[in-house]
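Notes follow once the structure below has been shown.
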There are 2 protein chains.
Amino acid sequence: MRADARDNRARIMTAADEVFGQSPAASTDDVAKLAGVGIATVFRHFATKTELLEAVLTLRLERLRDRALQLAGSADPGAAFYEFFTQVVSESASKLAIAEALTASGVAAAGEEARAAGHGMREAFDGLLTAAQKAGAVRPDAHFPEVYALLIGSSRGATAARLDAETRDRMLALVYDGLKPPT
Amino acid sequence: MRADARDNRARIMTAADEVFGQSPAASTDDVAKLAGVGIATVFRHFATKTELLEAVLTLRLERLRDRALQLAGSADPGAAFYEFFTQVVSESASKLAIAEALTASGVAAAGEEARAAGHGMREAFDGLLTAAQKAGAVRPDAHFPEVYALLIGSSRGATAARLDAETRDRMLALVYDGLKPPT
């Protein structure tokens, strides 16, 4: 891919992340406008709206995975775990909007790439959990499946109830108190 | 309404609750078959699939509200609160399927009756929370908005992650530990 084509692709994806993250009902035209390119350029890179949505969702999941891997090297595994949990919940409204747009576009489930990215994110989160448990910051009897369900649930709860940041943080404080080892 | 028409209506709603609770993509025909009535009878009671879905969702919410009001008279307000919380989360998969079917049928938001029923359910839950806090079974510094967000979040987390009952109960144990007053 030539450098200007790569630039265009990156601009389209940044614009799509913004546009679809705010409204699942947005159009490819809205994306082209925000990216400052013609609609034909969008379709040259992404043959369908579904392809574009997939790419944006995959990018978001990969970024979260990278953030988790970066935090995994932290000197304070407890703080790293809770910081990542908070970040996922904070970003969830726009991530869920993209997933919703994908469903509305007629795709029952995310494609191969988004699934692989989601898997990578879960594995990295599992690593953060294990390290935080070893450091005594998360109770040792909590298993990955229920902690991951709490992460997904907190994300969806915050989104469905359209919580302001303050209420969301109070909800997370309750969740974190449940995750901490009994004192 | 005559007695046999009332019977038919009740049978259709019971069947619809079952059918749409399992699969949002089910058809009105599936409902008629399970109810043992002709499709014309279904449409005589519910002019559209949307009307039928609304009625079923409303009935579910009203039953939850009634359960909360019934539990409100309990001698153990703490047990009543946690029992209701668990019931809502356990039933959520089928309730969400009905709400999803409603969205898929082209209705952006639930209609007036379902909204009123949802409001009644929230108020009854708020009553259970207040009583449980007075009894010392829920921390006094937890406010309704974040506790309600936790209820919605736990429901959606359990549904999205397709948790088996055991994992769901372990997730709820973490949530409840966060809700209990510090010892």
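Starting from 1 in every chain, residues are counted up; chains themselves are A, B, ... following the order of the structure tokens, and ligands are numbered from 1 as listed.
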
Would you give me, as a VMD selection string, the residues of chain B that come within 8 Å of chain A, using only C-alpha atoms? chain B and resid 142 145 to 147 149 to 158 160 to 161 163 167 to 168 170 to 171 174 to 179

Output the selection as a PDB file, in the first residue's frame - N, CA and C atoms for each residue.
```pdb
ATOM      1  N   ALA B 142     -24.271   3.058  49.672  1.00  0.00           N
ATOM      2  CA  ALA B 142     -24.578   2.705  48.273  1.00  0.00           C
ATOM      3  C   ALA B 142     -25.892   3.367  47.880  1.00  0.00           C
ATOM      4  N   PRO B 145     -28.868   4.599  42.190  1.00  0.00           N
ATOM      5  CA  PRO B 145     -28.444   4.520  40.781  1.00  0.00           C
ATOM      6  C   PRO B 145     -27.340   3.485  40.539  1.00  0.00           C
ATOM      7  N   GLU B 146     -26.332   3.442  41.410  1.00  0.00           N
ATOM      8  CA  GLU B 146     -25.241   2.490  41.152  1.00  0.00           C
ATOM      9  C   GLU B 146     -25.658   1.059  41.481  1.00  0.00           C
ATOM     10  N   VAL B 147     -26.557   0.900  42.476  1.00  0.00           N
ATOM     11  CA  VAL B 147     -27.022  -0.458  42.797  1.00  0.00           C
ATOM     12  C   VAL B 147     -27.908  -0.976  41.662  1.00  0.00           C
ATOM     13  N   ALA B 149     -27.652  -0.009  38.539  1.00  0.00           N
ATOM     14  CA  ALA B 149     -26.724  -0.283  37.430  1.00  0.00           C
ATOM     15  C   ALA B 149     -26.063  -1.644  37.612  1.00  0.00           C
ATOM     16  N   LEU B 150     -25.767  -2.004  38.861  1.00  0.00           N
ATOM     17  CA  LEU B 150     -25.183  -3.319  39.151  1.00  0.00           C
ATOM     18  C   LEU B 150     -26.171  -4.432  38.826  1.00  0.00           C
ATOM     19  N   LEU B 151     -27.448  -4.191  39.126  1.00  0.00           N
ATOM     20  CA  LEU B 151     -28.486  -5.189  38.828  1.00  0.00           C
ATOM     21  C   LEU B 151     -28.590  -5.415  37.317  1.00  0.00           C
ATOM     22  N   ILE B 152     -28.662  -4.310  36.572  1.00  0.00           N
ATOM     23  CA  ILE B 152     -28.723  -4.402  35.111  1.00  0.00           C
ATOM     24  C   ILE B 152     -27.439  -5.030  34.572  1.00  0.00           C
ATOM     25  N   GLY B 153     -26.301  -4.576  35.099  1.00  0.00           N
ATOM     26  CA  GLY B 153     -25.010  -5.075  34.630  1.00  0.00           C
ATOM     27  C   GLY B 153     -24.852  -6.564  34.900  1.00  0.00           C
ATOM     28  N   SER B 154     -25.216  -7.004  36.104  1.00  0.00           N
ATOM     29  CA  SER B 154     -25.109  -8.428  36.421  1.00  0.00           C
ATOM     30  C   SER B 154     -26.002  -9.243  35.490  1.00  0.00           C
ATOM     31  N   SER B 155     -27.183  -8.723  35.207  1.00  0.00           N
ATOM     32  CA  SER B 155     -28.105  -9.415  34.303  1.00  0.00           C
ATOM     33  C   SER B 155     -27.502  -9.545  32.910  1.00  0.00           C
ATOM     34  N   ARG B 156     -26.982  -8.440  32.407  1.00  0.00           N
ATOM     35  CA  ARG B 156     -26.446  -8.450  31.043  1.00  0.00           C
ATOM     36  C   ARG B 156     -25.135  -9.223  30.961  1.00  0.00           C
ATOM     37  N   GLY B 157     -24.333  -9.126  32.016  1.00  0.00           N
ATOM     38  CA  GLY B 157     -23.072  -9.876  32.036  1.00  0.00           C
ATOM     39  C   GLY B 157     -23.349 -11.364  32.013  1.00  0.00           C
ATOM     40  N   ALA B 158     -24.307 -11.805  32.807  1.00  0.00           N
ATOM     41  CA  ALA B 158     -24.639 -13.233  32.852  1.00  0.00           C
ATOM     42  C   ALA B 158     -25.171 -13.696  31.502  1.00  0.00           C
ATOM     43  N   ALA B 160     -24.693 -12.104  28.374  1.00  0.00           N
ATOM     44  CA  ALA B 160     -23.716 -11.956  27.292  1.00  0.00           C
ATOM     45  C   ALA B 160     -22.659 -13.049  27.359  1.00  0.00           C
ATOM     46  N   ALA B 161     -22.218 -13.385  28.574  1.00  0.00           N
ATOM     47  CA  ALA B 161     -21.163 -14.385  28.707  1.00  0.00           C
ATOM     48  C   ALA B 161     -21.742 -15.802  28.750  1.00  0.00           C
ATOM     49  N   LEU B 163     -23.298 -17.552  30.956  1.00  0.00           N
ATOM     50  CA  LEU B 163     -22.766 -18.248  32.120  1.00  0.00           C
ATOM     51  C   LEU B 163     -23.629 -19.433  32.519  1.00  0.00           C
ATOM     52  N   THR B 167     -21.258 -20.488  37.618  1.00  0.00           N
ATOM     53  CA  THR B 167     -20.430 -19.290  37.418  1.00  0.00           C
ATOM     54  C   THR B 167     -21.243 -18.033  37.733  1.00  0.00           C
ATOM     55  N   ARG B 168     -22.513 -18.052  37.322  1.00  0.00           N
ATOM     56  CA  ARG B 168     -23.382 -16.905  37.616  1.00  0.00           C
ATOM     57  C   ARG B 168     -23.478 -16.686  39.128  1.00  0.00           C
ATOM     58  N   ARG B 170     -21.306 -17.552  41.370  1.00  0.00           N
ATOM     59  CA  ARG B 170     -20.013 -17.049  41.881  1.00  0.00           C
ATOM     60  C   ARG B 170     -19.839 -15.573  41.546  1.00  0.00           C
ATOM     61  N   MET B 171     -20.311 -15.166  40.360  1.00  0.00           N
ATOM     62  CA  MET B 171     -20.265 -13.743  40.011  1.00  0.00           C
ATOM     63  C   MET B 171     -21.126 -12.944  40.990  1.00  0.00           C
ATOM     64  N   LEU B 174     -19.544 -12.319  44.363  1.00  0.00           N
ATOM     65  CA  LEU B 174     -18.601 -11.186  44.352  1.00  0.00           C
ATOM     66  C   LEU B 174     -19.363  -9.870  44.454  1.00  0.00           C
ATOM     67  N   VAL B 175     -20.445  -9.758  43.685  1.00  0.00           N
ATOM     68  CA  VAL B 175     -21.254  -8.534  43.705  1.00  0.00           C
ATOM     69  C   VAL B 175     -21.830  -8.307  45.106  1.00  0.00           C
ATOM     70  N   TYR B 176     -22.334  -9.371  45.727  1.00  0.00           N
ATOM     71  CA  TYR B 176     -22.970  -9.237  47.038  1.00  0.00           C
ATOM     72  C   TYR B 176     -21.934  -8.883  48.108  1.00  0.00           C
ATOM     73  N   ASP B 177     -20.718  -9.424  47.968  1.00  0.00           N
ATOM     74  CA  ASP B 177     -19.679  -9.050  48.932  1.00  0.00           C
ATOM     75  C   ASP B 177     -19.362  -7.561  48.852  1.00  0.00           C
ATOM     76  N   GLY B 178     -19.460  -7.011  47.650  1.00  0.00           N
ATOM     77  CA  GLY B 178     -19.228  -5.577  47.488  1.00  0.00           C
ATOM     78  C   GLY B 178     -20.370  -4.747  48.056  1.00  0.00           C
ATOM     79  N   LEU B 179     -21.555  -5.326  48.084  1.00  0.00           N
ATOM     80  CA  LEU B 179     -22.732  -4.590  48.567  1.00  0.00           C
ATOM     81  C   LEU B 179     -22.878  -4.656  50.093  1.00  0.00           C
TER      82      LEU B 179
END
```

Quick one: everything within 12 Å of stretch 62-78 of chain B, counting only C-alpha atoms, minus sequence neighbours fewer than 5 positions away in the same chain. Send it as a compact mmCIF listing (two decimals) with all heavy atoms, in the first residue's frame.
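Once written, selection.txt looks like this:
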```
# COMPACT_ATOMS: atom_id res chain seq x y z
N ALA B 55 -46.69 -6.85 25.16
CA ALA B 55 -47.56 -7.41 26.20
C ALA B 55 -46.78 -8.41 27.05
O ALA B 55 -46.91 -8.44 28.28
CB ALA B 55 -48.78 -8.07 25.55
N VAL B 56 -45.94 -9.22 26.40
CA VAL B 56 -45.17 -10.24 27.13
C VAL B 56 -44.12 -9.59 28.02
O VAL B 56 -43.94 -9.97 29.19
CB VAL B 56 -44.52 -11.22 26.13
CG1 VAL B 56 -43.58 -12.16 26.85
CG2 VAL B 56 -45.59 -12.00 25.38
N LEU B 57 -43.44 -8.58 27.48
CA LEU B 57 -42.41 -7.89 28.27
C LEU B 57 -43.05 -7.18 29.47
O LEU B 57 -42.54 -7.23 30.60
CB LEU B 57 -41.67 -6.87 27.39
CG LEU B 57 -40.52 -6.11 28.05
CD1 LEU B 57 -39.43 -7.07 28.52
CD2 LEU B 57 -39.93 -5.08 27.09
N GLU B 83 -32.46 -12.05 47.46
CA GLU B 83 -33.25 -13.04 46.71
C GLU B 83 -33.83 -12.42 45.44
O GLU B 83 -33.80 -13.03 44.37
CB GLU B 83 -34.40 -13.58 47.58
CG GLU B 83 -35.18 -14.66 46.85
CD GLU B 83 -36.40 -15.13 47.62
OE1 GLU B 83 -36.34 -15.18 48.87
OE2 GLU B 83 -37.41 -15.47 46.97
N PHE B 84 -34.33 -11.19 45.58
CA PHE B 84 -34.89 -10.52 44.40
C PHE B 84 -33.82 -10.25 43.36
O PHE B 84 -34.01 -10.47 42.16
CB PHE B 84 -35.59 -9.22 44.82
CG PHE B 84 -36.26 -8.54 43.66
CD1 PHE B 84 -37.42 -9.06 43.10
CD2 PHE B 84 -35.72 -7.38 43.11
CE1 PHE B 84 -38.03 -8.45 42.01
CE2 PHE B 84 -36.33 -6.76 42.03
CZ PHE B 84 -37.48 -7.30 41.49
N PHE B 85 -32.67 -9.77 43.81
CA PHE B 85 -31.54 -9.48 42.92
C PHE B 85 -31.21 -10.75 42.12
O PHE B 85 -31.09 -10.73 40.88
CB PHE B 85 -30.34 -9.03 43.76
CG PHE B 85 -29.27 -8.27 43.01
CD1 PHE B 85 -29.01 -6.93 43.31
CD2 PHE B 85 -28.50 -8.88 42.03
CE1 PHE B 85 -28.01 -6.21 42.65
CE2 PHE B 85 -27.49 -8.17 41.37
CZ PHE B 85 -27.25 -6.84 41.67
N THR B 86 -31.11 -11.87 42.82
CA THR B 86 -30.77 -13.14 42.18
C THR B 86 -31.84 -13.56 41.18
O THR B 86 -31.53 -14.04 40.08
CB THR B 86 -30.60 -14.24 43.25
OG1 THR B 86 -29.59 -13.82 44.18
CG2 THR B 86 -30.17 -15.57 42.62
N GLN B 87 -33.10 -13.34 41.55
CA GLN B 87 -34.17 -13.74 40.64
C GLN B 87 -34.13 -12.93 39.34
O GLN B 87 -34.29 -13.49 38.25
CB GLN B 87 -35.54 -13.57 41.32
CG GLN B 87 -36.67 -14.14 40.45
CD GLN B 87 -38.03 -14.03 41.10
OE1 GLN B 87 -38.14 -13.83 42.30
NE2 GLN B 87 -39.07 -14.19 40.30
N VAL B 88 -33.91 -11.62 39.45
CA VAL B 88 -33.85 -10.78 38.26
C VAL B 88 -32.72 -11.24 37.34
O VAL B 88 -32.90 -11.38 36.13
CB VAL B 88 -33.66 -9.29 38.63
CG1 VAL B 88 -33.37 -8.45 37.39
CG2 VAL B 88 -34.89 -8.76 39.35
N VAL B 89 -31.55 -11.51 37.93
CA VAL B 89 -30.40 -11.93 37.12
C VAL B 89 -30.67 -13.30 36.48
O VAL B 89 -30.37 -13.53 35.31
CB VAL B 89 -29.11 -11.95 37.95
CG1 VAL B 89 -27.94 -12.52 37.15
CG2 VAL B 89 -28.77 -10.54 38.42
N SER B 90 -31.29 -14.21 37.23
CA SER B 90 -31.56 -15.55 36.70
C SER B 90 -32.55 -15.51 35.54
O SER B 90 -32.44 -16.28 34.59
CB SER B 90 -32.15 -16.45 37.79
OG SER B 90 -31.35 -16.43 38.93
N GLU B 91 -33.51 -14.61 35.62
CA GLU B 91 -34.53 -14.54 34.57
C GLU B 91 -34.11 -13.67 33.40
O GLU B 91 -34.82 -13.58 32.40
CB GLU B 91 -35.83 -13.94 35.14
CG GLU B 91 -36.59 -14.89 36.01
CD GLU B 91 -37.96 -14.32 36.34
OE1 GLU B 91 -38.37 -13.33 35.73
OE2 GLU B 91 -38.62 -14.88 37.23
N SER B 92 -32.93 -13.04 33.53
CA SER B 92 -32.61 -11.98 32.57
C SER B 92 -32.44 -12.48 31.15
O SER B 92 -32.78 -11.78 30.21
CB SER B 92 -31.37 -11.23 33.02
OG SER B 92 -30.28 -12.13 33.05
N LYS B 95 -35.75 -12.50 29.54
CA LYS B 95 -36.32 -11.15 29.48
C LYS B 95 -35.60 -10.31 28.43
O LYS B 95 -36.21 -9.60 27.65
CB LYS B 95 -36.24 -10.48 30.86
CG LYS B 95 -37.00 -9.16 30.93
CD LYS B 95 -37.30 -8.74 32.37
CE LYS B 95 -36.06 -8.59 33.21
NZ LYS B 95 -35.18 -7.48 32.78
N GLU B 113 -46.79 1.01 28.14
CA GLU B 113 -47.13 0.04 29.18
C GLU B 113 -45.89 -0.65 29.75
O GLU B 113 -45.77 -0.81 30.97
CB GLU B 113 -48.07 -1.03 28.61
CG GLU B 113 -49.49 -0.53 28.49
CD GLU B 113 -50.47 -1.66 28.25
OE1 GLU B 113 -50.08 -2.83 28.40
OE2 GLU B 113 -51.62 -1.38 27.91
N ALA B 114 -44.99 -1.06 28.86
CA ALA B 114 -43.77 -1.72 29.32
C ALA B 114 -42.92 -0.73 30.13
O ALA B 114 -42.30 -1.10 31.14
CB ALA B 114 -42.98 -2.27 28.14
N ARG B 115 -42.90 0.53 29.70
CA ARG B 115 -42.12 1.54 30.44
C ARG B 115 -42.69 1.74 31.84
O ARG B 115 -41.95 1.82 32.81
CB ARG B 115 -42.13 2.87 29.68
CG ARG B 115 -40.90 3.10 28.83
CD ARG B 115 -40.57 4.58 28.70
NE ARG B 115 -41.71 5.35 28.23
CZ ARG B 115 -42.07 5.45 26.94
NH1 ARG B 115 -41.37 4.85 26.02
NH2 ARG B 115 -43.12 6.15 26.60
N ALA B 116 -44.01 1.81 31.92
CA ALA B 116 -44.66 1.99 33.23
C ALA B 116 -44.36 0.79 34.13
O ALA B 116 -44.09 0.93 35.32
CB ALA B 116 -46.16 2.17 33.06
N ALA B 117 -44.40 -0.42 33.53
CA ALA B 117 -44.13 -1.63 34.30
C ALA B 117 -42.67 -1.63 34.78
O ALA B 117 -42.38 -2.00 35.93
CB ALA B 117 -44.42 -2.87 33.46
N GLY B 118 -41.76 -1.19 33.91
CA GLY B 118 -40.34 -1.11 34.28
C GLY B 118 -40.14 -0.12 35.42
O GLY B 118 -39.37 -0.36 36.35
N HIS B 119 -40.87 0.99 35.35
CA HIS B 119 -40.80 2.01 36.39
C HIS B 119 -41.28 1.43 37.73
O HIS B 119 -40.66 1.63 38.78
CB HIS B 119 -41.63 3.22 35.98
CG HIS B 119 -41.50 4.38 36.92
ND1 HIS B 119 -40.36 5.15 36.97
CD2 HIS B 119 -42.36 4.87 37.84
CE1 HIS B 119 -40.53 6.09 37.89
NE2 HIS B 119 -41.73 5.94 38.44
N GLY B 120 -42.38 0.70 37.69
CA GLY B 120 -42.92 0.08 38.90
C GLY B 120 -41.93 -0.91 39.50
O GLY B 120 -41.77 -0.98 40.73
N MET B 121 -41.26 -1.67 38.65
CA MET B 121 -40.28 -2.64 39.11
C MET B 121 -39.11 -1.92 39.81
O MET B 121 -38.66 -2.32 40.87
CB MET B 121 -39.78 -3.45 37.90
CG MET B 121 -39.11 -4.77 38.27
SD MET B 121 -37.35 -4.58 38.65
CE MET B 121 -36.65 -4.81 37.02
N ARG B 122 -38.63 -0.84 39.19
CA ARG B 122 -37.52 -0.08 39.78
C ARG B 122 -37.89 0.48 41.15
O ARG B 122 -37.09 0.44 42.08
CB ARG B 122 -37.09 1.08 38.86
CG ARG B 122 -36.09 0.66 37.79
CD ARG B 122 -35.39 1.86 37.17
NE ARG B 122 -36.34 2.81 36.57
CZ ARG B 122 -36.89 2.63 35.38
NH1 ARG B 122 -36.63 1.56 34.67
NH2 ARG B 122 -37.74 3.52 34.90
N GLU B 123 -39.11 1.03 41.24
CA GLU B 123 -39.55 1.59 42.53
C GLU B 123 -39.60 0.53 43.62
O GLU B 123 -39.20 0.76 44.76
CB GLU B 123 -40.93 2.22 42.37
CG GLU B 123 -40.93 3.46 41.51
CD GLU B 123 -41.79 4.55 42.13
OE1 GLU B 123 -42.89 4.23 42.60
OE2 GLU B 123 -41.34 5.71 42.16
N ALA B 124 -40.12 -0.65 43.25
CA ALA B 124 -40.23 -1.74 44.21
C ALA B 124 -38.84 -2.20 44.65
O ALA B 124 -38.60 -2.50 45.83
CB ALA B 124 -41.03 -2.89 43.62
N PHE B 125 -37.89 -2.24 43.69
CA PHE B 125 -36.51 -2.63 44.00
C PHE B 125 -35.88 -1.60 44.94
O PHE B 125 -35.16 -1.94 45.88
CB PHE B 125 -35.71 -2.75 42.69
CG PHE B 125 -34.26 -3.10 42.88
CD1 PHE B 125 -33.89 -4.32 43.46
CD2 PHE B 125 -33.25 -2.22 42.49
CE1 PHE B 125 -32.55 -4.66 43.63
CE2 PHE B 125 -31.92 -2.55 42.67
CZ PHE B 125 -31.57 -3.77 43.24
N ASP B 126 -36.16 -0.34 44.70
CA ASP B 126 -35.65 0.73 45.56
C ASP B 126 -36.15 0.53 47.00
O ASP B 126 -35.39 0.71 47.97
CB ASP B 126 -36.13 2.09 45.01
CG ASP B 126 -35.34 3.26 45.60
OD1 ASP B 126 -34.34 3.01 46.31
OD2 ASP B 126 -35.71 4.41 45.35
N GLY B 127 -37.41 0.12 47.12
CA GLY B 127 -37.97 -0.15 48.45
C GLY B 127 -37.23 -1.28 49.15
O GLY B 127 -36.91 -1.19 50.35
N LEU B 128 -36.93 -2.34 48.41
CA LEU B 128 -36.19 -3.47 48.98
C LEU B 128 -34.80 -3.04 49.42
O LEU B 128 -34.30 -3.45 50.47
CB LEU B 128 -36.06 -4.61 47.96
CG LEU B 128 -37.33 -5.40 47.61
CD1 LEU B 128 -37.00 -6.45 46.56
CD2 LEU B 128 -37.92 -6.06 48.85
N LEU B 129 -34.16 -2.19 48.60
CA LEU B 129 -32.81 -1.70 48.93
C LEU B 129 -32.82 -0.90 50.22
O LEU B 129 -32.00 -1.14 51.13
CB LEU B 129 -32.26 -0.85 47.77
CG LEU B 129 -30.96 -0.10 48.03
CD1 LEU B 129 -29.80 -1.09 48.30
CD2 LEU B 129 -30.58 0.82 46.87
N THR B 130 -33.75 0.04 50.31
CA THR B 130 -33.82 0.90 51.50
C THR B 130 -34.03 0.07 52.76
O THR B 130 -33.37 0.28 53.79
CB THR B 130 -34.97 1.92 51.34
OG1 THR B 130 -34.76 2.63 50.13
CG2 THR B 130 -35.00 2.90 52.49
N ALA B 131 -34.94 -0.91 52.67
CA ALA B 131 -35.22 -1.76 53.84
C ALA B 131 -33.98 -2.59 54.21
O ALA B 131 -33.66 -2.75 55.40
CB ALA B 131 -36.41 -2.68 53.54
N ALA B 132 -33.27 -3.11 53.20
CA ALA B 132 -32.08 -3.93 53.46
C ALA B 132 -30.97 -3.08 54.09
O ALA B 132 -30.20 -3.55 54.93
CB ALA B 132 -31.59 -4.58 52.17
N GLN B 133 -30.90 -1.82 53.68
CA GLN B 133 -29.90 -0.92 54.27
C GLN B 133 -30.23 -0.63 55.72
O GLN B 133 -29.35 -0.62 56.58
CB GLN B 133 -29.79 0.37 53.44
CG GLN B 133 -29.09 0.13 52.10
CD GLN B 133 -29.00 1.36 51.22
OE1 GLN B 133 -29.99 2.07 51.05
NE2 GLN B 133 -27.83 1.61 50.65
N LYS B 134 -31.53 -0.39 55.98
CA LYS B 134 -31.94 -0.13 57.37
C LYS B 134 -31.65 -1.33 58.26
O LYS B 134 -31.34 -1.19 59.44
CB LYS B 134 -33.44 0.19 57.41
CG LYS B 134 -33.71 1.66 57.14
CD LYS B 134 -35.18 2.02 57.36
CE LYS B 134 -35.45 3.41 56.84
NZ LYS B 134 -36.81 3.55 56.27
N ALA B 135 -31.77 -2.53 57.68
CA ALA B 135 -31.52 -3.75 58.45
C ALA B 135 -30.03 -4.08 58.56
O ALA B 135 -29.66 -5.08 59.18
CB ALA B 135 -32.27 -4.92 57.80
N GLY B 136 -29.18 -3.24 57.91
CA GLY B 136 -27.74 -3.47 58.01
C GLY B 136 -27.22 -4.56 57.08
O GLY B 136 -26.09 -5.05 57.25
N ALA B 137 -28.00 -4.95 56.07
CA ALA B 137 -27.59 -6.03 55.18
C ALA B 137 -26.95 -5.51 53.89
O ALA B 137 -26.33 -6.26 53.14
CB ALA B 137 -28.78 -6.92 54.84
N VAL B 138 -27.14 -4.21 53.63
CA VAL B 138 -26.50 -3.56 52.49
C VAL B 138 -25.84 -2.29 53.01
O VAL B 138 -26.43 -1.58 53.85
CB VAL B 138 -27.51 -3.21 51.37
CG1 VAL B 138 -26.86 -2.36 50.28
CG2 VAL B 138 -28.10 -4.48 50.76
N ARG B 139 -24.62 -2.01 52.55
CA ARG B 139 -23.90 -0.83 53.05
C ARG B 139 -24.74 0.44 52.87
O ARG B 139 -25.36 0.65 51.81
CB ARG B 139 -22.55 -0.71 52.37
CG ARG B 139 -22.65 -0.78 50.87
CD ARG B 139 -21.31 -1.12 50.23
NE ARG B 139 -20.37 -0.05 50.48
CZ ARG B 139 -19.07 -0.14 50.21
NH1 ARG B 139 -18.59 -1.28 49.72
NH2 ARG B 139 -18.27 0.85 50.44
N TYR B 176 -22.33 -9.37 45.73
CA TYR B 176 -22.97 -9.24 47.04
C TYR B 176 -21.93 -8.88 48.11
O TYR B 176 -22.23 -8.12 49.04
CB TYR B 176 -23.72 -10.53 47.41
CG TYR B 176 -24.88 -10.84 46.47
CD1 TYR B 176 -25.49 -12.08 46.47
CD2 TYR B 176 -25.35 -9.87 45.58
CE1 TYR B 176 -26.55 -12.37 45.60
CE2 TYR B 176 -26.40 -10.15 44.71
CZ TYR B 176 -27.00 -11.40 44.72
OH TYR B 176 -28.04 -11.67 43.87
N LEU B 179 -21.55 -5.33 48.08
CA LEU B 179 -22.73 -4.59 48.57
C LEU B 179 -22.88 -4.66 50.09
O LEU B 179 -23.54 -3.81 50.69
CB LEU B 179 -24.01 -5.15 47.92
CG LEU B 179 -24.27 -4.74 46.46
CD1 LEU B 179 -25.42 -5.53 45.87
CD2 LEU B 179 -24.59 -3.24 46.39
N LYS B 180 -22.28 -5.67 50.69
CA LYS B 180 -22.44 -5.83 52.14
C LYS B 180 -21.63 -4.79 52.90
O LYS B 180 -20.59 -4.33 52.41
CB LYS B 180 -22.05 -7.25 52.56
CG LYS B 180 -23.20 -8.21 52.30
CD LYS B 180 -22.82 -9.66 52.44
CE LYS B 180 -23.97 -10.52 51.91
NZ LYS B 180 -23.54 -11.88 51.51
N PRO B 181 -22.10 -4.40 54.08
CA PRO B 181 -21.36 -3.39 54.85
C PRO B 181 -19.99 -3.97 55.23
O PRO B 181 -19.88 -5.17 55.46
CB PRO B 181 -22.22 -3.19 56.11
CG PRO B 181 -23.52 -3.86 55.82
CD PRO B 181 -23.28 -4.90 54.79
```

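You can rank B:Arg11, B:Phe43, B:Ala5, B:Asp17 by their closest distance to B:Asp29 using only C-alpha atoms, and at the top of that list sits B:Phe43.
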
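Counting from atom CA of B:Gly36, the distance to atom CA of B:Lys49 is 17.3 Å.
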
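In this structure, atom CA of A:Thr28 sits 13.0 Å away from atom CA of A:Ile98.
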
Atom CA of A:Gln22 to atom CA of A:Val42 measures 19.0 Å

Name the residues of stretch 54-109 of chain B that come out as helix (DSSP H, G or I) in a backbone DSSP run; write them as a ChimeraX atom specification. /B:54-71,77-104
